[in-house]
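One structure below.
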Amino acid sequence: MELEDLIALTEAESSQHAEIEIRVCTAAGCLSSGSRSLISALEHAVEDRGLGDRVGLREVGCMRLCCEGPLVSVNTSTSDGTRVPTLYGKVDAAQAPDIVTSVEQGRKSAEALHSIDPNGPFFAHQKSVVLEHCGIVEPERIESSIALGAYRSLHRALHDLSPAEVVEQVTRSGLRGRGGAGYPTGLKWATVAKMPPGQKYVVCNADEGDPGAFMDRSILESDPHRVLEGMAIAAHAIGANQGYIYVRGEYPIAISRLDTAIRQAKRFGLLGSGIFDSTFNFRVDLRIGAGAFVCGEETALIHSIEGLRGTPHPRPPYPAESGLWGHPTLINNVETYANIPVILREGADWFAQIGTEQSKGTKVFALAGKIRRSGLVEVPMGVPLREIVERIGGGSPEGSSVKAVQTGGPSGGCIPAELLDTPVEYESLKALGSIMGSGGMVVMDQDDDMVGVARYFMNFCMDESCGKCVPCRAGTVQMHRLLDRIERGEASHDDLVTLEDLCDLVQHASLCGLGQSAPNPVLSTLRFFRHEYESRLIEFSGPPSSAVSSDPR
Amino acid sequence: MGTRATPERSQTADGSAHPSGDDRFRYLDAAMKRHRYRPDALIEVLHTAQELFGYLEPDLLRYVARGLRLPPSRVFGVATFYHLFTFTPRGEHTCTVCTGTACYVKGADALLGVVEQITGTHPGMTTADSRISLETARCVGACGLAPIVVFDGKVVGQMTPEQLAERVKGWLDHGT
């Protein structure tokens, strides 16, 4: 494979574009709403009318507005060559003939169908960088990815840039890890690159365990080659020849599409030996998780790839120095790798001008919960939470009001409605006792009880604690018992004090991120919704209520 | 399951036919061979074993331990660490209620209550007539459609207690 081959493939692919392109979402959300049967119904309808040569039916990835699935987008070439997209939601297989009829007759939209404005607020306020090809590219066909520019950045990295220059670009872009902690990606790459030459590994953390988060699943299901390309560029930059993608076992579609993508890339010579006629070799293997949340923690993930129990070990040494089988290992999250090809294509400066001083680029969020429009959202860093919740998501459904937004899953916290003007940035969310996390955003309304939410997350952490260190193993159980008692109205003021002490202890004494962040949901709900806790305490059993500080800690 | 040979009578995992004649062992052997019997492939091999046999019983774990030349303690330790591995037979049907955050705020507890009431069983357990296994999942990643219930591997979103009751009762009544 050479650059000319990529160009030839691109041309061949674009010459196959039909006059009318019908795209159907086949990401997990829409598949569960019946997009598979819809596709066969559309195939039949196109065949019945003999439109096979005018209509191209494409199985694409996530079109973002998951709550309206299955989604269908119709692109018709007009006489002046521009393509006008029409988007339909909640399409039933029985409506397939209606779509084909409207396409055939050149009508802009079919009356009987639920059409969605592609320029509506859900879409208009987003900025696509990582998701630029999501819902357009066909995830199971590498030709379709190549036609949209996949592997061009890898070619450039191999032929025009030295490994040091690639690291320099990534550093200058200001990209920070999208898995949650926000460690500067360039710095991480530089650390691994500086290790003495020898066996090194590139690992993609696709163990998206936060309940309420589905960004990484959507990226893997919709545009897998983007992630593979990002990993290959990283491997070139740090001098690795082997990569692993560690995917959650709960994501069967993502696993099968990655498997297909890896096989296709190998066949095209884009993975394997002598990539793009260079001396660069890179092999990627999949590793399937088996349902352990703690494996999202990097040292636990390494153990799991090695076929061991997913228990973490103390850092340092960091995986950058001693990771898989003791070799230097670069671990980044799916979205981080997905940013790499575009950084090389558009340049570090282009990327750095998106977002804020400390948080560059865009962030993909999974918006769900008590909200009108749920789905996948990509916005520049620094936009206020309100923009995402109210403008893009449309606020809470009729008859309810937003009470809090939960970000960062079991390691994050609940941000109250009055602080919705906070910009989404690593630092500002941290200041509120939450975290950016991987991007899960669950909206809660007045019916949601914050003590119950805190107990819910503690139950999660208790279940998922690997049991290696005592503070996390025993602390989460005790905190869960206390929260349970508070929720049932059987706790005294002393219990609340004990709970806060335990939060402090577990936070500071646990071995890994799971335990260190397990108290976050409790602390943040105590900070903003303390009255919900206090109103349930048994009266007169502790000091008078005036002695209880209501100040946020 | 009772007809299967114990590992003591079985061949080594070198791809030769299993004396019990159970073809599934041949697939399992092939999976181990594909990973070149490397110990780090243990989790992958356990996934295959569970896919083939439905659950991991002690004899099967010992067989895997032999194939990968690992101490049984290591195989048992790893298998029991991960939630997706199961050690008891499943029912004919599996109903998995997602208890992720989005499903939680959209009423997963109520859905779980409905199934528990109808089947008289609890998460992680199977009804006495082996018809339905009830499971919970920590987020299947389709949060935009919360609340989610997975029926025999098929994800269904925006579930209501009524719809759920109908599905589960349908399984109980007709066994289909």
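Lettering and numbering for the structure tokens are positional, with chains as A, B, ... in the shown order, residues counted from 1 in each chain, and ligands counted from 1 in the shown order.
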Residue list for chain B near chain A as JSON, numbers by chain, 10 Å, only C-alpha atoms:
{"B": [38, 39, 40, 41, 42, 43, 44, 45, 46, 47, 74, 75, 77, 78, 79, 80, 81, 82, 83, 84, 85, 98, 99, 100, 101, 102, 103, 104, 105, 106, 137, 138, 139, 140, 141, 142, 143, 144, 145, 146, 147, 148, 150, 154, 155, 156, 157, 158]}
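Contact shell of Gly120 of chain B at 12 Å (only C-alpha atoms; same-chain neighbours under 5 positions omitted): B:Leu112, B:Gly113, B:Val114, B:Val115, B:Met125, B:Thr126, B:Thr127, B:Ala128, B:Asp129, B:Arg131, B:Ile132, B:Ser133, B:Leu134, B:Val168, B:Leu172.
Atom to atom, atom CA of Glu221 of chain A and atom CA of Lys90 of chain A stand 20.2 Å apart.
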Segment 17-217 of chain A: which residues are alpha helix (DSSP H) by DSSP, as a PyMOL selection string?
chain A and resi 28-32+35-48+96-104+121-124+142-147+152-159+163-173+185-194+215-217
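For the set A:Met231, A:Val424, A:Val334, A:Ile22, the residue with the smallest atom-to-atom gap to Ala254 of chain A is A:Val334, counting only C-alpha atoms.
Using only C-alpha atoms, the smallest distance between any of B:Thr88, B:His35, B:Lys169, B:Tyr27 and Tyr55 of chain B comes from B:Thr88.
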Report the residues of segment 75-176 of chain B whose backbone DSSP state falls under strand (DSSP E or B), written as an MDAnalysis selection string.
chainID B and resid 93:98 125:126 132:137 149:151 154:156
Restricted to N, CA, C and O atoms, what would the selected residues look like written as a short mmCIF file (atom, residue, chain, number, x, y, z; two decimals), in the first residue's frame?
```
data_model
loop_
_atom_site.label_atom_id
_atom_site.label_comp_id
_atom_site.auth_asym_id
_atom_site.auth_seq_id
_atom_site.Cartn_x
_atom_site.Cartn_y
_atom_site.Cartn_z
N HIS B 93 -34.27 -19.13 29.27
CA HIS B 93 -34.26 -17.73 28.88
C HIS B 93 -33.52 -16.91 29.93
O HIS B 93 -33.50 -17.27 31.09
N THR B 94 -32.91 -15.82 29.46
CA THR B 94 -32.24 -14.92 30.40
C THR B 94 -32.82 -13.53 30.25
O THR B 94 -32.92 -13.00 29.14
N CYS B 95 -33.22 -12.98 31.37
CA CYS B 95 -33.73 -11.61 31.37
C CYS B 95 -32.73 -10.77 32.17
O CYS B 95 -32.49 -11.03 33.35
N THR B 96 -32.10 -9.81 31.50
CA THR B 96 -31.10 -8.98 32.16
C THR B 96 -31.61 -7.55 32.27
O THR B 96 -31.89 -6.90 31.27
N VAL B 97 -31.76 -7.09 33.49
CA VAL B 97 -32.21 -5.71 33.69
C VAL B 97 -30.97 -4.84 33.87
O VAL B 97 -30.12 -5.12 34.71
N CYS B 98 -30.85 -3.80 33.04
CA CYS B 98 -29.69 -2.91 33.16
C CYS B 98 -29.88 -2.00 34.38
O CYS B 98 -30.95 -1.43 34.57
N MET B 125 -29.94 -15.57 39.89
CA MET B 125 -30.54 -16.88 40.14
C MET B 125 -31.46 -17.29 38.99
O MET B 125 -31.80 -16.49 38.13
N THR B 126 -31.84 -18.56 39.02
CA THR B 126 -32.69 -19.13 37.98
C THR B 126 -33.93 -19.72 38.63
O THR B 126 -33.85 -20.24 39.75
N ILE B 132 -36.30 -19.43 33.55
CA ILE B 132 -35.79 -18.05 33.40
C ILE B 132 -34.66 -17.77 34.39
O ILE B 132 -34.78 -18.05 35.58
N SER B 133 -33.55 -17.21 33.86
CA SER B 133 -32.50 -16.69 34.72
C SER B 133 -32.65 -15.18 34.77
O SER B 133 -32.85 -14.55 33.74
N LEU B 134 -32.53 -14.64 35.96
CA LEU B 134 -32.62 -13.18 36.09
C LEU B 134 -31.22 -12.64 36.37
O LEU B 134 -30.50 -13.16 37.23
N GLU B 135 -30.85 -11.63 35.61
CA GLU B 135 -29.53 -11.04 35.79
C GLU B 135 -29.67 -9.53 35.84
O GLU B 135 -30.67 -8.97 35.41
N THR B 136 -28.63 -8.88 36.39
CA THR B 136 -28.56 -7.43 36.24
C THR B 136 -27.27 -7.11 35.52
O THR B 136 -26.32 -7.88 35.56
N ALA B 137 -27.23 -5.97 34.82
CA ALA B 137 -26.02 -5.56 34.12
C ALA B 137 -25.68 -4.15 34.57
O ALA B 137 -26.56 -3.36 34.88
N VAL B 149 -33.81 -3.40 29.05
CA VAL B 149 -33.83 -4.79 29.49
C VAL B 149 -33.32 -5.63 28.33
O VAL B 149 -33.63 -5.35 27.16
N VAL B 150 -32.49 -6.63 28.63
CA VAL B 150 -31.96 -7.49 27.59
C VAL B 150 -32.65 -8.85 27.69
O VAL B 150 -32.56 -9.51 28.72
N PHE B 151 -33.37 -9.24 26.63
CA PHE B 151 -34.06 -10.53 26.60
C PHE B 151 -33.25 -11.49 25.74
O PHE B 151 -33.14 -11.27 24.53
N LYS B 154 -31.01 -9.90 23.37
CA LYS B 154 -31.53 -8.83 22.53
C LYS B 154 -31.86 -7.62 23.40
O LYS B 154 -32.67 -7.71 24.32
N VAL B 155 -31.23 -6.49 23.06
CA VAL B 155 -31.40 -5.29 23.87
C VAL B 155 -32.71 -4.60 23.49
O VAL B 155 -32.96 -4.36 22.31
N VAL B 156 -33.54 -4.30 24.47
CA VAL B 156 -34.78 -3.58 24.20
C VAL B 156 -34.81 -2.33 25.08
O VAL B 156 -34.59 -2.42 26.29
#
```
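Every protein, DNA or RNA residue with an atom at most 8 Å from segment 51-60 of chain A, where only C-alpha atoms count and chain neighbours fewer than 3 positions away do not, is listed here: A:His17, A:Ala18, A:Glu19, A:Ile20, A:Glu21, A:Ile22, A:Arg23, A:Val24, A:Cys25, A:Thr26, A:Ala27, A:Glu43, A:Val46, A:Glu47, A:Asp48, A:Cys134, A:Gly135, A:Ile136, A:Val137, A:Glu138, A:Pro139, A:Ser222.
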Write out as a PyMOL selection string the residues lying within 10 Å of Ser434 of chain A, counting only C-alpha atoms and excluding same-chain residues fewer than 2 positions away.
chain A and resi 406-415+426-432+436-437+517+520-521+523-524
Please, what distance in Å, to one decimal, runs between atom CA of Gly439 of chain A and atom CA of Lys363 of chain A?
7.5 Å
